[in-house]
$ cat work.cif   # mmCIF, N, CA and C atoms
data_protein
#
loop_
_atom_site.label_atom_id
_atom_site.label_comp_id
_atom_site.auth_asym_id
_atom_site.auth_seq_id
_atom_site.Cartn_x
_atom_site.Cartn_y
_atom_site.Cartn_z
N MET O 1 -30.43 -121.82 -19.31
CA MET O 1 -29.74 -120.70 -19.90
C MET O 1 -29.68 -120.76 -21.43
N PRO O 2 -29.47 -121.92 -22.02
CA PRO O 2 -29.46 -121.96 -23.48
C PRO O 2 -30.78 -121.47 -24.09
N THR O 3 -31.89 -121.78 -23.44
CA THR O 3 -33.20 -121.34 -23.93
C THR O 3 -33.31 -119.83 -23.86
N VAL O 4 -32.84 -119.25 -22.77
CA VAL O 4 -32.87 -117.79 -22.62
C VAL O 4 -31.99 -117.16 -23.71
N PHE O 5 -30.80 -117.68 -23.90
CA PHE O 5 -29.89 -117.16 -24.91
C PHE O 5 -30.52 -117.21 -26.30
N GLU O 6 -31.13 -118.33 -26.63
CA GLU O 6 -31.77 -118.48 -27.95
C GLU O 6 -32.91 -117.48 -28.13
N ARG O 7 -33.70 -117.27 -27.10
CA ARG O 7 -34.82 -116.34 -27.18
C ARG O 7 -34.31 -114.90 -27.33
N VAL O 8 -33.29 -114.54 -26.59
CA VAL O 8 -32.71 -113.21 -26.70
C VAL O 8 -32.16 -112.99 -28.12
N GLN O 9 -31.48 -113.99 -28.65
CA GLN O 9 -30.95 -113.90 -30.01
C GLN O 9 -32.08 -113.75 -31.03
N GLU O 10 -33.14 -114.52 -30.85
CA GLU O 10 -34.27 -114.47 -31.77
C GLU O 10 -34.93 -113.08 -31.76
N LEU O 11 -35.20 -112.55 -30.59
CA LEU O 11 -35.85 -111.23 -30.51
C LEU O 11 -34.95 -110.11 -30.99
N SER O 12 -33.67 -110.21 -30.71
CA SER O 12 -32.73 -109.21 -31.18
C SER O 12 -32.65 -109.21 -32.71
N ALA O 13 -32.57 -110.39 -33.29
CA ALA O 13 -32.55 -110.50 -34.76
C ALA O 13 -33.85 -109.95 -35.34
N TYR O 14 -34.96 -110.29 -34.73
CA TYR O 14 -36.26 -109.80 -35.20
C TYR O 14 -36.33 -108.28 -35.11
N THR O 15 -35.80 -107.72 -34.03
CA THR O 15 -35.80 -106.27 -33.87
C THR O 15 -34.95 -105.61 -34.95
N GLN O 16 -33.76 -106.13 -35.17
CA GLN O 16 -32.88 -105.54 -36.18
C GLN O 16 -33.47 -105.67 -37.58
N GLN O 17 -34.02 -106.82 -37.90
CA GLN O 17 -34.64 -107.01 -39.22
C GLN O 17 -35.84 -106.08 -39.38
N SER O 18 -36.62 -105.93 -38.32
CA SER O 18 -37.79 -105.05 -38.39
C SER O 18 -37.37 -103.60 -38.56
N LEU O 19 -36.33 -103.18 -37.87
CA LEU O 19 -35.82 -101.82 -38.04
C LEU O 19 -35.36 -101.60 -39.49
N GLN O 20 -34.65 -102.56 -40.04
CA GLN O 20 -34.17 -102.43 -41.42
C GLN O 20 -35.34 -102.36 -42.39
N HIS O 21 -36.33 -103.19 -42.17
CA HIS O 21 -37.50 -103.21 -43.05
C HIS O 21 -38.29 -101.90 -42.92
N THR O 22 -38.46 -101.42 -41.71
CA THR O 22 -39.28 -100.24 -41.45
C THR O 22 -38.59 -98.95 -41.89
N LEU O 23 -37.30 -98.84 -41.61
CA LEU O 23 -36.61 -97.57 -41.83
C LEU O 23 -35.74 -97.54 -43.08
N GLY O 24 -35.41 -98.69 -43.61
CA GLY O 24 -34.62 -98.76 -44.83
C GLY O 24 -33.31 -97.99 -44.73
N ASP O 25 -33.05 -97.13 -45.71
CA ASP O 25 -31.80 -96.37 -45.77
C ASP O 25 -31.68 -95.32 -44.67
N LYS O 26 -32.76 -95.03 -43.99
CA LYS O 26 -32.70 -94.04 -42.91
C LYS O 26 -32.15 -94.64 -41.60
N LEU O 27 -32.02 -95.96 -41.55
CA LEU O 27 -31.53 -96.63 -40.35
C LEU O 27 -30.01 -96.56 -40.27
N GLU O 28 -29.53 -96.15 -39.11
CA GLU O 28 -28.12 -96.27 -38.79
C GLU O 28 -28.05 -97.22 -37.59
N LEU O 29 -27.72 -98.46 -37.86
CA LEU O 29 -27.65 -99.49 -36.83
C LEU O 29 -26.28 -99.40 -36.16
N LEU O 30 -26.26 -99.26 -34.85
CA LEU O 30 -25.01 -99.06 -34.12
C LEU O 30 -24.48 -100.33 -33.46
N THR O 31 -25.29 -101.35 -33.39
CA THR O 31 -24.86 -102.60 -32.76
C THR O 31 -24.60 -103.66 -33.82
N PRO O 32 -23.78 -104.64 -33.49
CA PRO O 32 -23.47 -105.69 -34.46
C PRO O 32 -24.72 -106.44 -34.90
N SER O 33 -24.73 -106.83 -36.15
CA SER O 33 -25.89 -107.57 -36.67
C SER O 33 -25.58 -109.04 -36.91
N GLU O 34 -24.31 -109.41 -36.94
CA GLU O 34 -24.00 -110.82 -37.15
C GLU O 34 -24.36 -111.62 -35.89
N THR O 35 -24.82 -112.80 -36.10
CA THR O 35 -25.36 -113.64 -35.03
C THR O 35 -24.41 -113.78 -33.85
N ARG O 36 -23.16 -114.06 -34.10
CA ARG O 36 -22.23 -114.34 -32.99
C ARG O 36 -21.96 -113.12 -32.12
N SER O 37 -22.21 -111.92 -32.63
CA SER O 37 -21.94 -110.70 -31.87
C SER O 37 -23.20 -110.03 -31.34
N ARG O 38 -24.35 -110.53 -31.73
CA ARG O 38 -25.62 -109.91 -31.37
C ARG O 38 -25.98 -110.19 -29.93
N GLY O 39 -26.46 -109.16 -29.23
CA GLY O 39 -26.93 -109.33 -27.86
C GLY O 39 -28.35 -108.83 -27.76
N ALA O 40 -28.80 -108.61 -26.56
CA ALA O 40 -30.19 -108.19 -26.32
C ALA O 40 -30.42 -106.71 -26.58
N VAL O 41 -29.35 -105.95 -26.74
CA VAL O 41 -29.46 -104.50 -26.91
C VAL O 41 -29.24 -104.13 -28.37
N THR O 42 -30.14 -103.29 -28.89
CA THR O 42 -30.01 -102.78 -30.25
C THR O 42 -29.99 -101.27 -30.20
N GLY O 43 -28.88 -100.68 -30.59
CA GLY O 43 -28.75 -99.23 -30.64
C GLY O 43 -28.90 -98.75 -32.07
N PHE O 44 -29.62 -97.66 -32.25
CA PHE O 44 -29.83 -97.16 -33.60
C PHE O 44 -30.12 -95.66 -33.61
N ARG O 45 -29.95 -95.08 -34.78
CA ARG O 45 -30.35 -93.71 -35.06
C ARG O 45 -31.19 -93.73 -36.33
N ILE O 46 -32.00 -92.70 -36.48
CA ILE O 46 -32.73 -92.51 -37.72
C ILE O 46 -32.13 -91.27 -38.37
N LYS O 47 -31.51 -91.46 -39.51
CA LYS O 47 -30.82 -90.37 -40.20
C LYS O 47 -31.78 -89.22 -40.46
N GLY O 48 -31.33 -88.01 -40.10
CA GLY O 48 -32.12 -86.81 -40.35
C GLY O 48 -33.17 -86.54 -39.28
N GLU O 49 -33.23 -87.35 -38.25
CA GLU O 49 -34.23 -87.16 -37.19
C GLU O 49 -33.55 -86.94 -35.84
N ASP O 50 -34.12 -86.07 -35.05
CA ASP O 50 -33.64 -85.84 -33.69
C ASP O 50 -34.07 -87.02 -32.82
N TYR O 51 -33.11 -87.68 -32.22
CA TYR O 51 -33.43 -88.88 -31.44
C TYR O 51 -34.40 -88.56 -30.30
N LYS O 52 -34.34 -87.35 -29.77
CA LYS O 52 -35.25 -86.97 -28.68
C LYS O 52 -36.70 -86.92 -29.17
N LYS O 53 -36.89 -86.44 -30.38
CA LYS O 53 -38.23 -86.37 -30.97
C LYS O 53 -38.78 -87.78 -31.19
N VAL O 54 -37.96 -88.66 -31.68
CA VAL O 54 -38.37 -90.06 -31.90
C VAL O 54 -38.69 -90.71 -30.55
N TYR O 55 -37.83 -90.49 -29.58
CA TYR O 55 -38.04 -91.04 -28.24
C TYR O 55 -39.38 -90.60 -27.67
N GLU O 56 -39.69 -89.33 -27.78
CA GLU O 56 -40.95 -88.81 -27.25
C GLU O 56 -42.15 -89.46 -27.94
N ALA O 57 -42.07 -89.64 -29.25
CA ALA O 57 -43.17 -90.28 -30.00
C ALA O 57 -43.38 -91.72 -29.54
N VAL O 58 -42.29 -92.42 -29.30
CA VAL O 58 -42.37 -93.81 -28.86
C VAL O 58 -42.94 -93.90 -27.45
N MET O 59 -42.43 -93.08 -26.56
CA MET O 59 -42.88 -93.12 -25.17
C MET O 59 -44.34 -92.69 -25.04
N LYS O 60 -44.78 -91.82 -25.94
CA LYS O 60 -46.18 -91.39 -25.94
C LYS O 60 -47.12 -92.58 -26.14
N GLU O 61 -46.63 -93.61 -26.81
CA GLU O 61 -47.41 -94.83 -27.06
C GLU O 61 -47.17 -95.89 -25.99
N ASN O 62 -46.55 -95.49 -24.89
CA ASN O 62 -46.27 -96.39 -23.77
C ASN O 62 -45.36 -97.56 -24.14
N ILE O 63 -44.44 -97.29 -25.04
CA ILE O 63 -43.43 -98.28 -25.43
C ILE O 63 -42.12 -97.80 -24.80
N VAL O 64 -41.50 -98.67 -24.03
CA VAL O 64 -40.32 -98.26 -23.29
C VAL O 64 -39.05 -98.60 -24.07
N ILE O 65 -38.31 -97.55 -24.40
CA ILE O 65 -36.97 -97.67 -24.97
C ILE O 65 -36.11 -96.68 -24.19
N ARG O 66 -34.86 -96.59 -24.51
CA ARG O 66 -33.97 -95.67 -23.80
C ARG O 66 -33.29 -94.75 -24.81
N GLN O 67 -33.16 -93.49 -24.43
CA GLN O 67 -32.32 -92.60 -25.23
C GLN O 67 -30.92 -92.63 -24.63
N VAL O 68 -29.92 -92.53 -25.49
CA VAL O 68 -28.53 -92.63 -25.04
C VAL O 68 -27.79 -91.35 -25.45
N PRO O 69 -27.84 -90.34 -24.58
CA PRO O 69 -27.14 -89.09 -24.89
C PRO O 69 -25.68 -89.10 -24.45
N GLU O 70 -25.29 -90.06 -23.61
CA GLU O 70 -23.95 -90.08 -23.05
C GLU O 70 -22.89 -90.06 -24.15
N ASN O 71 -21.84 -89.28 -23.90
CA ASN O 71 -20.69 -89.17 -24.82
C ASN O 71 -21.11 -88.80 -26.23
N ASP O 72 -22.19 -88.06 -26.35
CA ASP O 72 -22.70 -87.63 -27.66
C ASP O 72 -23.04 -88.79 -28.59
N VAL O 73 -23.40 -89.94 -28.02
CA VAL O 73 -23.84 -91.06 -28.86
C VAL O 73 -25.17 -90.69 -29.51
N ASN O 74 -26.06 -90.05 -28.75
CA ASN O 74 -27.33 -89.53 -29.27
C ASN O 74 -28.08 -90.54 -30.13
N CYS O 75 -28.43 -91.63 -29.50
CA CYS O 75 -29.16 -92.68 -30.21
C CYS O 75 -30.29 -93.20 -29.34
N LEU O 76 -30.99 -94.18 -29.88
CA LEU O 76 -32.04 -94.87 -29.15
C LEU O 76 -31.60 -96.31 -28.94
N ARG O 77 -32.09 -96.91 -27.86
CA ARG O 77 -31.71 -98.28 -27.55
C ARG O 77 -32.95 -99.09 -27.21
N VAL O 78 -33.05 -100.23 -27.86
CA VAL O 78 -34.11 -101.19 -27.58
C VAL O 78 -33.45 -102.38 -26.90
N SER O 79 -34.01 -102.78 -25.77
CA SER O 79 -33.49 -103.95 -25.06
C SER O 79 -34.59 -105.00 -25.01
N THR O 80 -34.34 -106.14 -25.60
CA THR O 80 -35.32 -107.23 -25.60
C THR O 80 -34.80 -108.37 -24.73
N HIS O 81 -35.73 -109.07 -24.12
CA HIS O 81 -35.38 -110.22 -23.29
C HIS O 81 -36.50 -111.25 -23.39
N ILE O 82 -36.42 -112.30 -22.64
CA ILE O 82 -37.36 -113.41 -22.78
C ILE O 82 -38.81 -113.02 -22.52
N TYR O 83 -39.02 -111.99 -21.74
CA TYR O 83 -40.39 -111.58 -21.41
C TYR O 83 -40.99 -110.65 -22.46
N ASN O 84 -40.21 -110.25 -23.45
CA ASN O 84 -40.74 -109.43 -24.54
C ASN O 84 -41.31 -110.31 -25.64
N SER O 85 -42.13 -109.67 -26.50
CA SER O 85 -42.75 -110.41 -27.60
C SER O 85 -42.50 -109.71 -28.92
N LYS O 86 -42.69 -110.45 -29.99
CA LYS O 86 -42.58 -109.86 -31.32
C LYS O 86 -43.67 -108.81 -31.53
N GLN O 87 -44.80 -108.98 -30.89
CA GLN O 87 -45.88 -108.00 -31.00
C GLN O 87 -45.45 -106.66 -30.42
N GLU O 88 -44.67 -106.68 -29.36
CA GLU O 88 -44.16 -105.43 -28.79
C GLU O 88 -43.18 -104.76 -29.75
N VAL O 89 -42.36 -105.54 -30.40
CA VAL O 89 -41.44 -105.00 -31.40
C VAL O 89 -42.25 -104.42 -32.56
N ASP O 90 -43.29 -105.12 -32.98
CA ASP O 90 -44.15 -104.63 -34.06
C ASP O 90 -44.81 -103.30 -33.69
N ALA O 91 -45.21 -103.16 -32.44
CA ALA O 91 -45.83 -101.90 -31.98
C ALA O 91 -44.82 -100.76 -32.08
N LEU O 92 -43.59 -101.03 -31.74
CA LEU O 92 -42.53 -100.02 -31.88
C LEU O 92 -42.38 -99.63 -33.34
N MET O 93 -42.39 -100.60 -34.23
CA MET O 93 -42.21 -100.31 -35.66
C MET O 93 -43.34 -99.45 -36.20
N GLU O 94 -44.53 -99.66 -35.69
CA GLU O 94 -45.67 -98.82 -36.12
C GLU O 94 -45.41 -97.35 -35.83
N VAL O 95 -44.82 -97.07 -34.69
CA VAL O 95 -44.48 -95.69 -34.34
C VAL O 95 -43.35 -95.18 -35.23
N LEU O 96 -42.34 -96.02 -35.44
CA LEU O 96 -41.16 -95.60 -36.21
C LEU O 96 -41.48 -95.37 -37.69
N LYS O 97 -42.55 -95.95 -38.19
CA LYS O 97 -42.94 -95.74 -39.59
C LYS O 97 -43.12 -94.25 -39.91
N LYS O 98 -43.52 -93.48 -38.91
CA LYS O 98 -43.72 -92.04 -39.09
C LYS O 98 -42.42 -91.33 -39.46
N PHE O 99 -41.29 -91.95 -39.15
CA PHE O 99 -39.98 -91.34 -39.36
C PHE O 99 -39.24 -91.93 -40.55
N ALA O 100 -39.86 -92.86 -41.23
CA ALA O 100 -39.21 -93.55 -42.36
C ALA O 100 -39.14 -92.66 -43.59
#

$ encode --input "work.cif" --output "structure tokens"
Amino acid sequence: MPTVFERVQELSAYTQQSLQHTLGDKLELLTPSETRSRGAVTGFRIKGEDYKKVYEAVMKENIVIRQVPENDVNCLRVSTHIYNSKQEVDALMEVLKKFA
């Protein structure tokens, strides 16, 4: 379990850092970024962009993320786990660059 926890933390941190690098000021990060509060789920919005439009662009590239319309949260969610890779996160960032 400690190995799984460490891997989840590593991928989550990598995802959040990649989002910040890719989207800059357009990123609205909805999940905690400090290590002790970080989990496998990263929720975010891109300021000025319709989350549904971003979701469609990502899914068109066969990258699986989730849209979260419940309670008017209207965001996107990336869930990483031990079976995911940094290359998969990088592929997501390539799509998100269009919205930066």

$ resolve_selection --input "work.cif" --expression "the PyMOL selection byres ((chain O and resi 28-43) around 6.5)" --output "compact mmCIF listing (two decimals) with N, CA and C atoms, in the coordinates of the input"
# COMPACT_ATOMS: atom_id res chain seq x y z
N VAL O 8 -33.29 -114.54 -26.59
CA VAL O 8 -32.71 -113.21 -26.70
C VAL O 8 -32.16 -112.99 -28.12
N GLN O 9 -31.48 -113.99 -28.65
CA GLN O 9 -30.95 -113.90 -30.01
C GLN O 9 -32.08 -113.75 -31.03
N SER O 12 -33.67 -110.21 -30.71
CA SER O 12 -32.73 -109.21 -31.18
C SER O 12 -32.65 -109.21 -32.71
N ASP O 25 -33.05 -97.13 -45.71
CA ASP O 25 -31.80 -96.37 -45.77
C ASP O 25 -31.68 -95.32 -44.67
N LYS O 26 -32.76 -95.03 -43.99
CA LYS O 26 -32.70 -94.04 -42.91
C LYS O 26 -32.15 -94.64 -41.60
N LEU O 27 -32.02 -95.96 -41.55
CA LEU O 27 -31.53 -96.63 -40.35
C LEU O 27 -30.01 -96.56 -40.27
N PHE O 44 -29.62 -97.66 -32.25
CA PHE O 44 -29.83 -97.16 -33.60
C PHE O 44 -30.12 -95.66 -33.61
N ARG O 45 -29.95 -95.08 -34.78
CA ARG O 45 -30.35 -93.71 -35.06
C ARG O 45 -31.19 -93.73 -36.33
N ILE O 46 -32.00 -92.70 -36.48
CA ILE O 46 -32.73 -92.51 -37.72
C ILE O 46 -32.13 -91.27 -38.37
N LYS O 47 -31.51 -91.46 -39.51
CA LYS O 47 -30.82 -90.37 -40.20
C LYS O 47 -31.78 -89.22 -40.46
N CYS O 75 -28.43 -91.63 -29.50
CA CYS O 75 -29.16 -92.68 -30.21
C CYS O 75 -30.29 -93.20 -29.34
N LEU O 76 -30.99 -94.18 -29.88
CA LEU O 76 -32.04 -94.87 -29.15
C LEU O 76 -31.60 -96.31 -28.94
N ARG O 77 -32.09 -96.91 -27.86
CA ARG O 77 -31.71 -98.28 -27.55
C ARG O 77 -32.95 -99.09 -27.21
N VAL O 78 -33.05 -100.23 -27.86
CA VAL O 78 -34.11 -101.19 -27.58
C VAL O 78 -33.45 -102.38 -26.90
N SER O 79 -34.01 -102.78 -25.77
CA SER O 79 -33.49 -103.95 -25.06
C SER O 79 -34.59 -105.00 -25.01
N THR O 80 -34.34 -106.14 -25.60
CA THR O 80 -35.32 -107.23 -25.60
C THR O 80 -34.80 -108.37 -24.73
N HIS O 81 -35.73 -109.07 -24.12
CA HIS O 81 -35.38 -110.22 -23.29
C HIS O 81 -36.50 -111.25 -23.39

$ atom_distance --input "work.cif" --atom1 "CA of Arg7 in chain O" --atom2 "CA of Gln87 in chain O"
14.4 Å

$ atom_distance --input "work.cif" --atom1 "atom C of Asn62 in chain O" --atom2 "atom N of Tyr14 in chain O"
19.6 Å

$ select_by_dssp --input "work.cif" --residues "chain O" --states "strand (DSSP E or B)" --output "ChimeraX atom specification"
/O:27-29,41-46,66-68,75-79

$ select_by_dssp --input "work.cif" --residues "chain O" --states "helix (DSSP H, G or I)" --output "PyMOL selection string"
chain O and resi 2-26+35-37+51-60+70-72+86-99

$ closest_residue --input "work.cif" --among "O:Lys86, O:Lys60, O:Lys53, O:Arg66" --to "Phe99 in chain O" --atoms "only C-alpha atoms"
O:Lys53

$ residues_around --input "work.cif" --residues "Ser18 in chain O" --least-positions-apart "6" --cutoff "9 Å" --atoms "only C-alpha atoms" --output "number ranges by chain"
O: 89-90, 93

$ atom_distance --input "work.cif" --atom1 "atom N of Tyr55 in chain O" --atom2 "CA of Phe5 in chain O"
28.2 Å

$ closest_residue --input "work.cif" --among "O:Thr22, O:Asn84, O:Ala57, O:Ile65" --to "Ala100 in chain O" --atoms "only N, CA and C atoms"
O:Thr22

$ closest_residue --input "work.cif" --among "O:Ile63, O:Val54, O:Leu11, O:Val4" --to "Leu92 in chain O" --atoms "only N, CA and C atoms"
O:Ile63

$ build_atoms --input "work.cif" --residues "range 61-72 of chain O" --atoms "all heavy atoms" --output "PDB file, in the coordinates of the input"
ATOM      1  N   GLU O  61     -46.630 -93.610 -26.810  1.00  0.00           N
ATOM      2  CA  GLU O  61     -47.410 -94.830 -27.060  1.00  0.00           C
ATOM      3  C   GLU O  61     -47.170 -95.890 -25.990  1.00  0.00           C
ATOM      4  O   GLU O  61     -47.513 -97.051 -26.175  1.00  0.00           O
ATOM      5  CB  GLU O  61     -47.076 -95.386 -28.443  1.00  0.00           C
ATOM      6  CG  GLU O  61     -47.411 -94.450 -29.583  1.00  0.00           C
ATOM      7  CD  GLU O  61     -48.891 -94.117 -29.664  1.00  0.00           C
ATOM      8  OE1 GLU O  61     -49.725 -95.012 -29.404  1.00  0.00           O
ATOM      9  OE2 GLU O  61     -49.213 -92.951 -29.971  1.00  0.00           O
ATOM     10  N   ASN O  62     -46.550 -95.490 -24.890  1.00  0.00           N
ATOM     11  CA  ASN O  62     -46.270 -96.390 -23.770  1.00  0.00           C
ATOM     12  C   ASN O  62     -45.360 -97.560 -24.140  1.00  0.00           C
ATOM     13  O   ASN O  62     -45.510 -98.667 -23.626  1.00  0.00           O
ATOM     14  CB  ASN O  62     -47.556 -96.906 -23.117  1.00  0.00           C
ATOM     15  CG  ASN O  62     -48.348 -95.789 -22.491  1.00  0.00           C
ATOM     16  OD1 ASN O  62     -47.789 -94.925 -21.818  1.00  0.00           O
ATOM     17  ND2 ASN O  62     -49.647 -95.782 -22.725  1.00  0.00           N
ATOM     18  N   ILE O  63     -44.440 -97.290 -25.040  1.00  0.00           N
ATOM     19  CA  ILE O  63     -43.430 -98.280 -25.430  1.00  0.00           C
ATOM     20  C   ILE O  63     -42.120 -97.800 -24.800  1.00  0.00           C
ATOM     21  O   ILE O  63     -41.716 -96.661 -25.008  1.00  0.00           O
ATOM     22  CB  ILE O  63     -43.299 -98.382 -26.955  1.00  0.00           C
ATOM     23  CG1 ILE O  63     -44.641 -98.820 -27.559  1.00  0.00           C
ATOM     24  CG2 ILE O  63     -42.179 -99.329 -27.342  1.00  0.00           C
ATOM     25  CD1 ILE O  63     -44.705 -98.688 -29.057  1.00  0.00           C
ATOM     26  N   VAL O  64     -41.500 -98.670 -24.030  1.00  0.00           N
ATOM     27  CA  VAL O  64     -40.320 -98.260 -23.290  1.00  0.00           C
ATOM     28  C   VAL O  64     -39.050 -98.600 -24.070  1.00  0.00           C
ATOM     29  O   VAL O  64     -38.785 -99.764 -24.375  1.00  0.00           O
ATOM     30  CB  VAL O  64     -40.273 -98.938 -21.899  1.00  0.00           C
ATOM     31  CG1 VAL O  64     -39.023 -98.528 -21.145  1.00  0.00           C
ATOM     32  CG2 VAL O  64     -41.529 -98.589 -21.103  1.00  0.00           C
ATOM     33  N   ILE O  65     -38.310 -97.550 -24.400  1.00  0.00           N
ATOM     34  CA  ILE O  65     -36.970 -97.670 -24.970  1.00  0.00           C
ATOM     35  C   ILE O  65     -36.110 -96.680 -24.190  1.00  0.00           C
ATOM     36  O   ILE O  65     -36.604 -95.966 -23.316  1.00  0.00           O
ATOM     37  CB  ILE O  65     -36.925 -97.393 -26.491  1.00  0.00           C
ATOM     38  CG1 ILE O  65     -37.353 -95.957 -26.808  1.00  0.00           C
ATOM     39  CG2 ILE O  65     -37.776 -98.404 -27.242  1.00  0.00           C
ATOM     40  CD1 ILE O  65     -37.150 -95.583 -28.263  1.00  0.00           C
ATOM     41  N   ARG O  66     -34.860 -96.590 -24.510  1.00  0.00           N
ATOM     42  CA  ARG O  66     -33.970 -95.670 -23.800  1.00  0.00           C
ATOM     43  C   ARG O  66     -33.290 -94.750 -24.810  1.00  0.00           C
ATOM     44  O   ARG O  66     -32.901 -95.185 -25.880  1.00  0.00           O
ATOM     45  CB  ARG O  66     -32.914 -96.448 -23.022  1.00  0.00           C
ATOM     46  CG  ARG O  66     -31.990 -95.550 -22.218  1.00  0.00           C
ATOM     47  CD  ARG O  66     -31.015 -96.370 -21.372  1.00  0.00           C
ATOM     48  NE  ARG O  66     -30.205 -95.521 -20.541  1.00  0.00           N
ATOM     49  CZ  ARG O  66     -29.084 -94.923 -20.943  1.00  0.00           C
ATOM     50  NH1 ARG O  66     -28.648 -95.072 -22.179  1.00  0.00           N
ATOM     51  NH2 ARG O  66     -28.394 -94.169 -20.105  1.00  0.00           N
ATOM     52  N   GLN O  67     -33.160 -93.490 -24.430  1.00  0.00           N
ATOM     53  CA  GLN O  67     -32.320 -92.600 -25.230  1.00  0.00           C
ATOM     54  C   GLN O  67     -30.920 -92.630 -24.630  1.00  0.00           C
ATOM     55  O   GLN O  67     -30.758 -92.794 -23.419  1.00  0.00           O
ATOM     56  CB  GLN O  67     -32.880 -91.190 -25.283  1.00  0.00           C
ATOM     57  CG  GLN O  67     -33.380 -90.604 -24.022  1.00  0.00           C
ATOM     58  CD  GLN O  67     -33.982 -89.223 -24.224  1.00  0.00           C
ATOM     59  OE1 GLN O  67     -33.632 -88.505 -25.142  1.00  0.00           O
ATOM     60  NE2 GLN O  67     -34.878 -88.852 -23.358  1.00  0.00           N
ATOM     61  N   VAL O  68     -29.920 -92.530 -25.490  1.00  0.00           N
ATOM     62  CA  VAL O  68     -28.530 -92.630 -25.040  1.00  0.00           C
ATOM     63  C   VAL O  68     -27.790 -91.350 -25.450  1.00  0.00           C
ATOM     64  O   VAL O  68     -27.213 -91.275 -26.532  1.00  0.00           O
ATOM     65  CB  VAL O  68     -27.824 -93.878 -25.640  1.00  0.00           C
ATOM     66  CG1 VAL O  68     -26.404 -94.018 -25.086  1.00  0.00           C
ATOM     67  CG2 VAL O  68     -28.628 -95.142 -25.371  1.00  0.00           C
ATOM     68  N   PRO O  69     -27.840 -90.340 -24.580  1.00  0.00           N
ATOM     69  CA  PRO O  69     -27.140 -89.090 -24.890  1.00  0.00           C
ATOM     70  C   PRO O  69     -25.680 -89.100 -24.450  1.00  0.00           C
ATOM     71  O   PRO O  69     -24.910 -88.234 -24.880  1.00  0.00           O
ATOM     72  CB  PRO O  69     -27.948 -88.059 -24.098  1.00  0.00           C
ATOM     73  CG  PRO O  69     -28.424 -88.816 -22.900  1.00  0.00           C
ATOM     74  CD  PRO O  69     -28.676 -90.223 -23.405  1.00  0.00           C
ATOM     75  N   GLU O  70     -25.290 -90.060 -23.610  1.00  0.00           N
ATOM     76  CA  GLU O  70     -23.950 -90.080 -23.050  1.00  0.00           C
ATOM     77  C   GLU O  70     -22.890 -90.060 -24.150  1.00  0.00           C
ATOM     78  O   GLU O  70     -23.014 -90.724 -25.163  1.00  0.00           O
ATOM     79  CB  GLU O  70     -23.737 -91.320 -22.176  1.00  0.00           C
ATOM     80  CG  GLU O  70     -24.607 -91.372 -20.946  1.00  0.00           C
ATOM     81  CD  GLU O  70     -25.968 -92.017 -21.178  1.00  0.00           C
ATOM     82  OE1 GLU O  70     -26.236 -92.502 -22.293  1.00  0.00           O
ATOM     83  OE2 GLU O  70     -26.770 -92.027 -20.240  1.00  0.00           O
ATOM     84  N   ASN O  71     -21.840 -89.280 -23.900  1.00  0.00           N
ATOM     85  CA  ASN O  71     -20.690 -89.170 -24.820  1.00  0.00           C
ATOM     86  C   ASN O  71     -21.110 -88.800 -26.230  1.00  0.00           C
ATOM     87  O   ASN O  71     -20.461 -89.209 -27.196  1.00  0.00           O
ATOM     88  CB  ASN O  71     -19.883 -90.469 -24.808  1.00  0.00           C
ATOM     89  CG  ASN O  71     -19.312 -90.783 -23.448  1.00  0.00           C
ATOM     90  OD1 ASN O  71     -18.776 -89.899 -22.778  1.00  0.00           O
ATOM     91  ND2 ASN O  71     -19.443 -92.012 -23.015  1.00  0.00           N
ATOM     92  N   ASP O  72     -22.190 -88.060 -26.350  1.00  0.00           N
ATOM     93  CA  ASP O  72     -22.700 -87.630 -27.660  1.00  0.00           C
ATOM     94  C   ASP O  72     -23.040 -88.790 -28.590  1.00  0.00           C
ATOM     95  O   ASP O  72     -22.981 -88.651 -29.813  1.00  0.00           O
ATOM     96  CB  ASP O  72     -21.725 -86.667 -28.351  1.00  0.00           C
ATOM     97  CG  ASP O  72     -21.619 -85.347 -27.617  1.00  0.00           C
ATOM     98  OD1 ASP O  72     -22.645 -84.871 -27.088  1.00  0.00           O
ATOM     99  OD2 ASP O  72     -20.512 -84.775 -27.561  1.00  0.00           O
TER     100      ASP O  72
END
